[in-house]
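The file start.txt comes next; it holds compact mmCIF, C-alpha atoms.
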```txt
# COMPACT_ATOMS: atom_id res chain seq x y z
CA MET A 1 70.69 -25.89 -5.52
CA THR A 2 67.99 -28.48 -4.75
CA ASP A 3 65.18 -26.81 -2.83
CA SER A 4 64.27 -30.10 -1.16
CA ASP A 5 67.83 -30.72 0.02
CA ALA A 6 68.23 -27.22 1.39
CA ALA A 7 64.88 -27.29 3.19
CA ASP A 8 65.47 -30.75 4.65
CA ALA A 9 69.00 -29.79 5.70
CA ALA A 10 67.57 -26.79 7.52
CA LEU A 11 64.95 -28.94 9.22
CA ALA A 12 67.42 -31.67 10.08
CA ALA A 13 69.78 -29.11 11.58
CA GLY A 14 66.87 -28.36 13.91
CA ARG A 15 66.94 -32.07 14.86
CA ASP A 16 64.07 -33.12 12.58
CA ALA A 17 64.72 -36.85 12.15
CA SER A 18 62.20 -37.23 9.32
CA ALA A 19 63.95 -34.56 7.28
CA PHE A 20 67.27 -36.34 7.83
CA ALA A 21 65.72 -39.61 6.71
CA ARG A 22 64.67 -37.93 3.45
CA LEU A 23 68.22 -36.67 2.93
CA TYR A 24 69.51 -40.19 3.49
CA ALA A 25 67.03 -41.60 1.00
CA ARG A 26 68.20 -39.17 -1.67
CA HIS A 27 71.95 -39.39 -1.10
CA SER A 28 72.85 -42.74 0.43
CA ALA A 29 73.17 -44.57 -2.90
CA ARG A 30 75.77 -42.16 -4.22
CA VAL A 31 77.75 -42.08 -0.97
CA HIS A 32 77.71 -45.87 -0.80
CA ALA A 33 78.77 -46.18 -4.44
CA LEU A 34 81.73 -43.89 -3.75
CA ALA A 35 82.65 -45.93 -0.69
CA ARG A 36 82.47 -49.18 -2.69
CA ARG A 37 84.68 -47.82 -5.45
CA MET A 38 87.25 -46.55 -2.98
CA LEU A 39 87.21 -49.37 -0.46
CA GLY A 40 85.81 -52.26 -2.44
CA PRO A 41 82.37 -53.85 -2.03
CA GLY A 42 81.41 -55.26 1.35
CA GLU A 43 81.43 -54.39 5.00
CA GLU A 44 84.03 -51.58 4.87
CA ALA A 45 81.98 -49.64 2.33
CA GLU A 46 78.81 -50.00 4.40
CA ASP A 47 80.65 -48.99 7.58
CA ALA A 48 82.01 -45.91 5.82
CA THR A 49 78.54 -45.02 4.53
CA GLN A 50 77.11 -45.31 8.02
CA ASP A 51 79.92 -43.25 9.53
CA ALA A 52 79.53 -40.56 6.88
CA PHE A 53 75.83 -40.05 7.63
CA ILE A 54 76.34 -40.14 11.38
CA ARG A 55 78.98 -37.46 11.03
CA CYS A 56 76.60 -35.54 8.74
CA TRP A 57 73.87 -35.61 11.42
CA ASP A 58 76.33 -34.51 14.10
CA ARG A 59 77.69 -31.63 11.99
CA LEU A 60 74.58 -30.34 10.24
CA GLY A 61 74.76 -27.21 12.34
CA GLN A 62 77.97 -26.36 10.46
CA PHE A 63 76.27 -26.49 7.06
CA ARG A 64 75.54 -22.87 6.22
CA GLY A 65 73.87 -23.35 2.85
CA ASP A 66 76.62 -21.54 0.95
CA SER A 67 77.22 -24.68 -1.11
CA GLN A 68 74.93 -27.44 -2.25
CA PHE A 69 74.11 -29.94 0.46
CA GLY A 70 75.15 -32.81 -1.81
CA THR A 71 78.57 -31.24 -2.34
CA TRP A 72 79.06 -30.69 1.37
CA LEU A 73 77.97 -34.25 2.15
CA HIS A 74 80.19 -35.67 -0.58
CA ARG A 75 83.30 -33.96 0.77
CA LEU A 76 82.48 -35.13 4.26
CA ALA A 77 82.05 -38.70 2.94
CA VAL A 78 85.40 -38.57 1.13
CA ASN A 79 87.10 -37.60 4.38
CA VAL A 80 85.43 -40.49 6.22
CA ILE A 81 86.37 -42.93 3.47
CA LEU A 82 89.98 -41.79 3.40
CA ALA A 83 90.22 -42.19 7.17
CA LYS A 84 88.88 -45.72 6.86
CA ARG A 85 91.27 -46.38 4.00
CA ALA A 86 94.19 -45.54 6.26
CA THR A 87 93.13 -48.25 8.70
CA LEU A 88 92.83 -50.76 5.87
CA ALA A 89 96.28 -50.06 4.39
CA THR A 90 97.80 -53.23 5.72
CA ARG A 91 94.94 -55.32 4.42
CA ARG A 92 95.32 -53.71 1.00
CA GLY A 93 98.96 -54.71 0.99
CA ARG A 94 97.98 -58.33 1.60
CA TYR A 95 95.38 -58.03 -1.15
CA VAL A 96 98.10 -57.23 -3.65
CA GLU A 97 100.48 -59.87 -2.33
CA LYS A 98 97.88 -62.54 -2.89
CA GLY A 99 98.04 -61.83 -6.59
CA GLU A 100 94.50 -60.53 -6.79
CA ALA A 101 95.77 -57.27 -8.22
CA TRP A 102 94.87 -56.35 -11.75
CA ASP A 103 96.70 -58.21 -14.51
CA ALA A 104 96.86 -55.92 -17.52
CA ASP A 105 97.44 -58.83 -19.82
CA GLN A 106 94.13 -60.52 -19.02
CA GLU A 107 91.87 -61.21 -21.94
CA ALA A 108 89.18 -58.61 -22.53
CA SER A 109 85.63 -59.58 -21.61
CA PRO A 110 83.23 -60.43 -24.48
CA ARG A 111 81.18 -57.61 -26.02
CA LEU A 112 78.07 -56.82 -24.01
CA PRO A 113 75.06 -54.45 -24.33
CA ARG A 114 75.44 -51.00 -22.73
CA PRO A 115 74.12 -51.69 -19.17
CA GLU A 116 76.21 -54.84 -18.84
CA LEU A 117 79.16 -53.03 -20.34
CA SER A 118 79.04 -50.37 -17.66
CA MET A 119 78.72 -53.11 -15.05
CA ASP A 120 81.77 -54.81 -16.53
CA PHE A 121 83.64 -51.52 -16.49
CA GLU A 122 82.71 -50.90 -12.87
CA ALA A 123 83.63 -54.45 -11.91
CA ALA A 124 86.98 -53.94 -13.64
CA LEU A 125 87.46 -50.66 -11.78
CA GLU A 126 86.89 -52.45 -8.47
CA ARG A 127 89.58 -54.96 -9.38
CA LEU A 128 92.30 -52.40 -10.01
CA PRO A 129 95.13 -52.32 -7.48
CA GLY A 130 94.25 -49.99 -4.59
CA GLY A 131 96.45 -47.06 -5.56
CA GLN A 132 95.27 -46.98 -9.18
CA ARG A 133 91.63 -47.52 -8.20
CA GLU A 134 91.62 -44.65 -5.70
CA VAL A 135 93.13 -42.19 -8.16
CA VAL A 136 90.86 -43.24 -11.05
CA VAL A 137 87.81 -42.92 -8.77
CA LEU A 138 88.81 -39.56 -7.33
CA HIS A 139 89.98 -38.08 -10.66
CA ASP A 140 87.84 -39.54 -13.40
CA VAL A 141 84.69 -40.50 -11.48
CA GLU A 142 84.53 -37.77 -8.83
CA GLY A 143 86.34 -34.96 -10.68
CA TYR A 144 89.07 -34.03 -8.19
CA LYS A 145 92.32 -32.47 -9.45
CA HIS A 146 95.70 -34.15 -8.99
CA GLU A 147 96.72 -31.46 -6.51
CA GLU A 148 93.70 -32.31 -4.35
CA ILE A 149 94.16 -36.06 -4.75
CA ALA A 150 97.81 -35.83 -3.76
CA GLU A 151 96.84 -34.04 -0.57
CA MET A 152 94.02 -36.47 0.21
CA LEU A 153 96.08 -39.61 -0.33
CA GLY A 154 99.40 -38.34 0.96
CA ILE A 155 101.20 -38.87 -2.34
CA SER A 156 102.95 -36.60 -4.83
CA GLU A 157 101.16 -35.14 -7.84
CA GLY A 158 103.54 -37.09 -10.05
CA THR A 159 102.50 -40.35 -8.39
CA SER A 160 98.85 -39.41 -8.75
CA LYS A 161 99.31 -38.78 -12.49
CA SER A 162 101.21 -42.01 -13.09
CA GLN A 163 98.68 -44.07 -11.09
CA LEU A 164 95.87 -42.53 -13.13
CA HIS A 165 97.58 -43.39 -16.39
CA ARG A 166 98.25 -46.98 -15.33
CA GLY A 167 94.67 -47.40 -14.18
CA ARG A 168 93.26 -46.02 -17.43
CA MET A 169 95.57 -48.20 -19.52
CA ALA A 170 94.35 -51.28 -17.65
CA LEU A 171 90.68 -50.33 -17.93
CA ARG A 172 90.71 -49.69 -21.69
CA LYS A 173 90.55 -53.41 -22.35
CA TYR A 174 87.03 -53.38 -20.90
CA LEU A 175 85.66 -50.75 -23.22
CA SER A 176 84.76 -53.02 -26.05
CA MET B 1 111.45 -44.79 -35.22
CA THR B 2 110.32 -42.16 -32.82
CA ASP B 3 109.59 -43.42 -29.30
CA HIS B 4 105.87 -43.70 -28.63
CA PRO B 5 104.88 -41.20 -25.89
CA ILE B 6 102.43 -43.65 -24.32
CA ALA B 7 103.26 -42.53 -20.79
CA GLN B 8 102.33 -38.95 -21.66
CA LEU B 9 98.97 -39.65 -23.29
CA SER B 10 96.90 -39.30 -20.10
CA ALA B 11 98.62 -36.05 -19.20
CA TYR B 12 98.01 -34.82 -22.76
CA LEU B 13 94.34 -35.78 -22.48
CA ASP B 14 94.00 -33.88 -19.19
CA GLY B 15 95.84 -30.76 -20.37
CA ASP B 16 98.71 -31.32 -17.96
CA LEU B 17 101.57 -30.97 -20.48
CA ASP B 18 103.46 -27.75 -21.20
CA ALA B 19 103.17 -26.25 -24.68
CA GLY B 20 106.29 -27.93 -26.04
CA ALA B 21 105.42 -31.43 -24.83
CA ARG B 22 101.81 -31.03 -25.96
CA ALA B 23 102.91 -30.08 -29.48
CA ALA B 24 105.27 -33.06 -29.65
CA VAL B 25 102.52 -35.49 -28.66
CA GLU B 26 100.07 -33.98 -31.14
CA THR B 27 102.61 -34.28 -33.94
CA HIS B 28 103.31 -37.91 -33.08
CA VAL B 29 99.63 -38.89 -32.72
CA THR B 30 98.79 -37.51 -36.18
CA ARG B 31 101.39 -39.86 -37.68
CA CYS B 32 101.07 -42.94 -35.42
CA GLY B 33 97.90 -45.02 -35.70
CA GLU B 34 98.70 -47.12 -32.65
CA CYS B 35 99.11 -44.11 -30.36
CA ALA B 36 96.05 -42.45 -31.87
CA ARG B 37 94.00 -45.55 -30.98
CA THR B 38 95.44 -45.66 -27.47
CA LEU B 39 94.64 -41.98 -26.94
CA ASP B 40 91.06 -42.55 -28.11
CA GLU B 41 90.71 -45.50 -25.71
CA LEU B 42 92.01 -43.46 -22.79
CA ARG B 43 89.53 -40.71 -23.66
CA ARG B 44 86.68 -43.25 -23.63
CA VAL B 45 87.85 -44.71 -20.30
CA ALA B 46 87.77 -41.25 -18.72
CA ARG B 47 84.31 -40.58 -20.19
CA GLN B 48 82.93 -43.91 -19.00
CA ALA B 49 84.36 -43.39 -15.52
CA ARG B 50 82.79 -39.94 -15.38
CA ALA B 51 79.42 -41.48 -16.24
CA LEU B 52 79.66 -43.61 -13.08
CA ARG B 53 79.45 -40.51 -10.90
CA GLU B 54 75.66 -40.49 -10.76
CA ARG B 55 75.35 -44.27 -10.61
CA GLY B 56 74.43 -45.21 -7.08
CA ALA B 57 74.55 -48.41 -5.07
CA GLU B 58 71.89 -48.77 -2.39
CA PRO B 59 73.37 -49.78 0.97
CA ALA B 60 71.88 -52.59 3.02
CA PRO B 61 68.93 -51.64 5.29
CA ALA B 62 71.08 -52.34 8.36
CA VAL B 63 73.16 -49.25 7.50
CA TRP B 64 70.16 -46.96 8.08
CA ASP B 65 69.17 -48.87 11.23
CA ALA B 66 72.46 -47.95 12.91
CA ILE B 67 72.18 -44.33 11.76
CA ALA B 68 68.59 -44.11 13.02
CA ARG B 69 69.67 -45.34 16.46
CA HIS B 70 72.26 -42.58 16.61
CA VAL B 71 69.72 -39.98 15.53
CA GLU B 72 67.26 -41.14 18.16
CA GLN B 73 69.86 -40.95 20.91
CA GLY B 74 70.43 -37.31 20.00
CA ARG B 75 72.28 -36.30 23.12
CA PRO B 76 75.86 -36.11 21.81
CA ALA B 77 74.64 -34.22 18.75
CA GLU B 78 72.61 -31.83 20.92
CA ARG B 79 75.63 -30.92 23.06
CA ARG B 80 77.78 -30.23 20.00
CA ALA B 81 74.95 -28.30 18.37
CA ALA B 82 74.71 -26.03 21.43
CA ALA B 83 78.42 -25.27 21.27
CA ARG B 84 78.36 -24.57 17.53
CA TRP B 85 75.33 -22.30 17.90
CA ARG B 86 77.45 -19.76 19.73
CA LEU B 87 79.92 -19.69 16.85
CA THR B 88 77.57 -19.31 13.93
CA LEU B 89 75.01 -16.72 14.95
CA THR B 90 75.15 -13.05 14.09
CA ALA B 91 76.03 -10.56 16.82
CA PRO B 92 72.42 -9.83 17.97
CA GLN B 93 71.65 -13.54 17.98
CA LEU B 94 74.82 -14.28 19.93
CA ALA B 95 73.78 -11.75 22.54
CA ALA B 96 70.33 -13.32 22.84
CA ALA B 97 71.79 -16.84 22.84
CA GLY B 98 74.38 -16.03 25.46
CA LEU B 99 71.80 -14.50 27.76
CA LEU B 100 69.39 -17.38 27.29
CA LEU B 101 72.06 -19.97 28.07
CA MET B 102 73.24 -17.96 31.07
CA MET B 103 69.71 -17.68 32.39
CA ALA B 104 69.11 -21.39 31.90
CA SER B 105 72.28 -22.25 33.79
CA ALA B 106 71.33 -19.84 36.60
CA GLY B 107 68.11 -21.79 37.05
CA GLY B 108 65.42 -19.31 36.17
CA GLY B 109 63.79 -17.81 33.14
CA TYR B 110 62.57 -14.92 35.21
CA LEU B 111 64.95 -13.07 37.47
CA LEU B 112 64.22 -10.36 39.94
CA ARG B 113 66.16 -7.15 40.16
CA PRO B 114 65.51 -4.31 42.52
CA THR B 115 64.41 -1.09 40.87
CA ALA B 116 66.98 1.69 40.93
CA ASP B 117 65.00 3.82 43.39
CA ALA B 118 63.99 1.07 45.85
CA PRO B 119 66.09 -0.01 48.83
CA ARG B 120 67.86 -3.24 48.12
CA PRO B 121 66.62 -6.16 50.24
CA ALA B 122 69.05 -8.34 52.19
CA GLY B 123 68.52 -11.07 49.68
CA ALA B 124 66.83 -11.19 46.31
CA LEU B 125 63.38 -12.53 45.98
CA VAL B 126 63.37 -15.64 43.92
CA ALA B 127 60.27 -15.87 41.79
CA GLY B 128 58.03 -18.52 43.20
CA GLY B 129 59.73 -18.40 46.61
CA ASP B 130 59.06 -15.86 49.39
CA SER B 131 56.02 -13.75 48.89
CA GLY B 132 57.69 -10.41 49.48
CA THR B 133 59.60 -10.36 52.74
CA GLY B 134 63.02 -10.23 50.96
CA ALA B 135 64.93 -12.13 53.61
CA ARG B 136 66.53 -14.90 51.56
CA THR B 137 70.25 -14.88 51.00
CA ASP B 138 70.88 -18.39 49.74
CA THR B 139 73.44 -19.21 47.07
CA GLN B 140 70.85 -19.64 44.36
CA SER B 141 69.51 -16.15 45.05
CA ARG B 142 72.99 -14.63 44.81
CA VAL B 143 73.61 -16.48 41.51
CA GLN B 144 70.34 -15.24 40.10
CA ILE B 145 71.03 -11.67 41.24
CA ALA B 146 74.43 -11.80 39.56
CA ALA B 147 72.95 -13.22 36.38
CA ALA B 148 70.24 -10.57 36.27
CA GLU B 149 72.67 -7.74 36.89
CA SER B 150 75.02 -9.07 34.24
CA ALA B 151 72.15 -9.35 31.81
CA ALA B 152 71.04 -5.83 32.58
CA ALA B 153 74.56 -4.55 32.06
CA THR B 154 74.78 -5.97 28.54
CA GLN B 155 71.43 -4.98 27.12
CA ALA B 156 68.54 -2.67 27.49
CA PRO B 157 66.07 -4.23 29.87
CA ASP B 158 62.48 -4.97 29.06
CA SER B 159 60.20 -4.44 32.03
CA ILE B 160 57.16 -6.46 32.73
CA ARG B 161 55.43 -6.70 36.05
CA PRO B 162 53.66 -10.01 36.46
CA ARG B 163 52.02 -10.79 39.75
CA MET B 164 53.43 -13.79 41.57
CA PRO B 165 51.32 -16.53 43.13
CA GLY B 166 50.53 -15.33 46.67
CA GLY B 167 50.34 -11.69 45.62
CA ALA B 168 53.98 -10.62 45.56
CA VAL B 169 54.77 -8.28 42.71
CA MET B 170 57.99 -8.69 40.83
CA LYS B 171 59.86 -5.43 41.11
CA GLN B 172 61.37 -5.72 37.66
CA VAL B 173 62.02 -8.56 35.32
CA VAL B 174 64.96 -8.51 32.96
CA LEU B 175 64.48 -10.65 29.88
CA PRO B 176 66.22 -10.68 26.54
CA TRP B 177 62.96 -11.25 24.70
CA SER B 178 63.42 -8.04 22.71
CA GLN B 179 66.74 -9.22 21.31
CA TYR B 180 65.44 -12.73 20.58
CA ASP B 181 62.32 -11.24 18.99
CA ALA B 182 64.41 -8.79 16.96
CA ALA B 183 66.71 -11.53 15.65
CA SER B 184 63.75 -13.78 14.92
CA ALA B 185 61.85 -10.96 13.17
CA ASP B 186 64.86 -10.06 11.02
CA LEU B 187 65.21 -13.62 9.79
CA GLU B 188 61.48 -14.04 9.25
CA ARG B 189 61.50 -10.86 7.17
CA VAL B 190 64.24 -12.31 4.92
CA LEU B 191 62.19 -15.45 4.52
CA GLU B 192 58.99 -13.52 3.76
CA GLU B 193 60.72 -11.36 1.17
CA GLY B 194 62.20 -14.41 -0.49
CA ARG B 195 59.07 -16.56 -0.31
CA GLY B 196 58.47 -16.32 -4.04
CA LYS B 197 61.87 -17.85 -4.79
CA LEU B 198 61.06 -21.12 -3.05
CA ARG B 199 58.77 -23.97 -3.97
CA PRO B 200 55.42 -23.95 -2.13
CA GLU B 201 56.13 -27.25 -0.42
CA THR B 202 59.43 -25.91 0.87
CA VAL B 203 57.73 -22.84 2.30
CA ARG B 204 55.03 -25.04 3.86
CA ALA B 205 57.61 -27.33 5.47
CA ILE B 206 59.50 -24.40 6.98
CA GLU B 207 56.31 -22.65 8.16
CA GLN B 208 55.03 -25.82 9.80
CA SER B 209 58.28 -26.33 11.65
CA VAL B 210 58.38 -22.70 12.80
CA ALA B 211 54.76 -22.91 13.96
CA SER B 212 55.49 -26.09 15.90
CA ILE B 213 58.49 -24.50 17.63
CA ASP B 214 56.51 -21.30 18.33
CA ARG B 215 53.84 -23.37 20.09
CA ALA B 216 56.53 -25.03 22.22
CA ILE B 217 58.04 -21.62 23.05
CA GLU B 218 54.68 -20.16 24.04
CA GLN B 219 53.84 -23.18 26.20
CA ALA B 220 57.22 -22.92 27.92
CA ARG B 221 56.75 -19.17 28.51
CA GLN B 222 53.33 -19.72 30.04
CA ALA B 223 54.62 -22.55 32.22
CA LEU B 224 57.56 -20.44 33.37
CA ALA B 225 55.19 -17.63 34.33
CA LYS B 226 53.67 -20.03 36.86
CA ASP B 227 56.96 -21.64 37.91
CA PRO B 228 59.76 -19.16 37.18
CA ALA B 229 62.49 -20.98 39.08
CA ASN B 230 61.98 -24.19 37.12
CA GLU B 231 65.36 -24.97 35.60
CA TYR B 232 63.99 -27.63 33.24
CA LEU B 233 61.45 -25.19 31.79
CA SER B 234 64.11 -22.54 31.38
CA ARG B 235 66.35 -24.95 29.53
CA HIS B 236 63.42 -26.18 27.43
CA LEU B 237 62.55 -22.62 26.49
CA ALA B 238 66.14 -21.74 25.62
CA GLU B 239 66.51 -24.88 23.48
CA ASN B 240 63.38 -24.11 21.50
CA MET B 241 64.42 -20.52 20.94
CA LYS B 242 67.74 -21.86 19.70
CA ARG B 243 65.96 -24.32 17.39
CA LYS B 244 63.86 -21.54 15.92
CA LEU B 245 66.81 -19.24 15.28
CA ASP B 246 68.80 -22.14 13.76
CA LEU B 247 65.90 -23.01 11.47
CA LEU B 248 65.30 -19.41 10.40
CA ARG B 249 69.01 -18.86 9.78
CA GLN B 250 69.19 -21.92 7.51
CA ALA B 251 65.99 -20.91 5.73
CA ALA B 252 67.35 -17.41 5.13
CA ALA B 253 70.47 -18.98 3.62
CA ILE B 254 68.24 -21.00 1.28
CA VAL B 255 66.51 -17.82 0.14
CA ARG B 256 69.83 -16.07 -0.47
CA GLN B 257 71.04 -19.01 -2.57
CA SER B 258 67.84 -19.20 -4.65
```

As structure tokens, how would this structure be written, given the file I've shared?
Amino acid sequence: MTDSDAADAALAAGRDASAFARLYARHSARVHALARRMLGPGEEAEDATQDAFIRCWDRLGQFRGDSQFGTWLHRLAVNVILAKRATLATRRGRYVEKGEAWDADQEASPRLPRPELSMDFEAALERLPGGQREVVVLHDVEGYKHEEIAEMLGISEGTSKSQLHRGRMALRKYLS
Amino acid sequence: MTDHPIAQLSAYLDGDLDAGARAAVETHVTRCGECARTLDELRRVARQARALRERGAEPAPAVWDAIARHVEQGRPAERRAAARWRLTLTAPQLAAAGLLLMMASAGGGYLLRPTADAPRPAGALVAGGDSGTGARTDTQSRVQIAAAESAAATQAPDSIRPRMPGGAVMKQVVLPWSQYDAASADLERVLEEGRGKLRPETVRAIEQSVASIDRAIEQARQALAKDPANEYLSRHLAENMKRKLDLLRQAAAIVRQS
């Protein structure tokens, strides 16, 4: 457990705004990155990040310190993002219909040094169709199990596993 | 030619196949170069995705601006925090919290209660009101009498006998300070015993916050001694006591986790 996080969470629960600002400084990048990977880059991801931290401030009294603050915040952020995802479902459908969904037969990108490679990989991840992207992010990036993902997304475990496999198969072209 | 179990490779990688299916995939992969390459690529995809977990993306400054406005407003969060406080304290703290909130809602941090052996006046003296004639029977007096008697019924009373402005002596004052002090002392003891487990700057931050709240509590107590019926001061005192107990409870949790 991070001493700084625990101390600042305790202070922020007592309505210490400076302590909460420190927590934001340490955790906002990761929460925003998760929101971007789940919702795509842009306004929705920023809205979800904002909503997650507002809910965090409002519910800090419920954080009892029996888990790491980052873990607690992360789970809260996932719930906010999934709620926002539900309101964007129709838009995601149009996204696919426009043909912007991943085409597994696209040519692989040219070889790039390691930092650019990871940027290419992340850019490719963001271009996956919504269902595949969400499962790859939740399973491979964030470490959730298929049972948990199925519950979060309202799908079966079988669907979660097949979406993961399709997403991975599409992304392997961006490894090298 | 055996069918290539491409569709099962991710499940194999993640350990999601039963023993029979896993053995079949392993046997195939040892003989099929194409499937072996695909399996290796899937393994690298999973590893590269996992590496993204700690990679952040800073949000635009406007995101914090909106959050800061919400934090500054504070009121909705304060109301919810007050409700949650009742649910998360230990039993002694709940008793102290309940009494504090009841006293604040009754409009006085100090309440008067007749002593057992003294004749009961027609109406209770409200601290800061009549200087001893005992003739008031207004609604506020009845509420305060009821609150004091209820408080006395649920805990052992602490007696102090301050002298009111104008010379009237409070017969008896019922306050839950002993229970608040006991809860606070218990938590402070946990923190003191676990001091060595925390970083110095963490201890300093907690001590500074506790000292700041203690000053606010003492100022509110002193102000209430001069103006006992002041509802704002009562609420201010109760809120700061709540803040201190919340802070100490969280700090004690940090020590237990260290």

Practice prompt. Find the residue from A:Leu76, A:Leu34, A:Val141, A:Ala12 that sits nearest to chain B; use only C-alpha atoms when measuring.
Written response: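 Of all the options, A:Val141 lies closest to chain B.
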
Item to complete: Starting from chain B, keep only residues with some atom at most 8 Å from an atom of chain A, counting only C-alpha atoms, and report them as an MDAnalysis selection string.
Response: chainID B and resid 7 9:11 41:42 44:60 63:64 66:67 70:72 76:77 80:81 84:85 88 198:199 202 205:206 209 243:244 246:247 250:251 253:254 257:258

Fill in: Å distance separating CA of Gln163 (chain A) from CA of Gly70 (chain A), one decimal place
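Here the two named atoms are 27.7 Å from each other.
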
Item to complete: Would you please work out which residue, of A:Leu23, A:Leu73, A:Ala83, A:Val78, is nearest to Ile149 (chain A) when using all atoms listed in the file?
Response: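 The answer is A:Val78, which sits nearest to Ile149 (chain A).
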
Worksheet item: So how many Å separate CA of Asp3 (chain B) and CA of Ala24 (chain B), to one decimal?
Response: 11.2 Å

Discussion item. As an exercise, work out the distance from CA of Gly194 (chain B) to CA of Val255 (chain B) in Å and give it to one decimal place.
Written reply: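 Those two atoms sit 5.5 Å apart.
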
Fill in: Residue neighbourhood Ala23 (chain B), 12 Å, only C-alpha atoms, exclusion window fewer than 6 positions, as number ranges by chain
B: 5, 8, 12, 15, 17, 29-30

Please report, as lines of an AutoDock Vina configuration file, the centre and edge lengths in Å to one decimal of an axis-aligned box covering all listed atoms of region 184-191 of chain B with 4 Å per side.
```
center_x = 63.3
center_y = -12.8
center_z = 9.7
size_x = 11.7
size_y = 13.4
size_z = 18.4
```
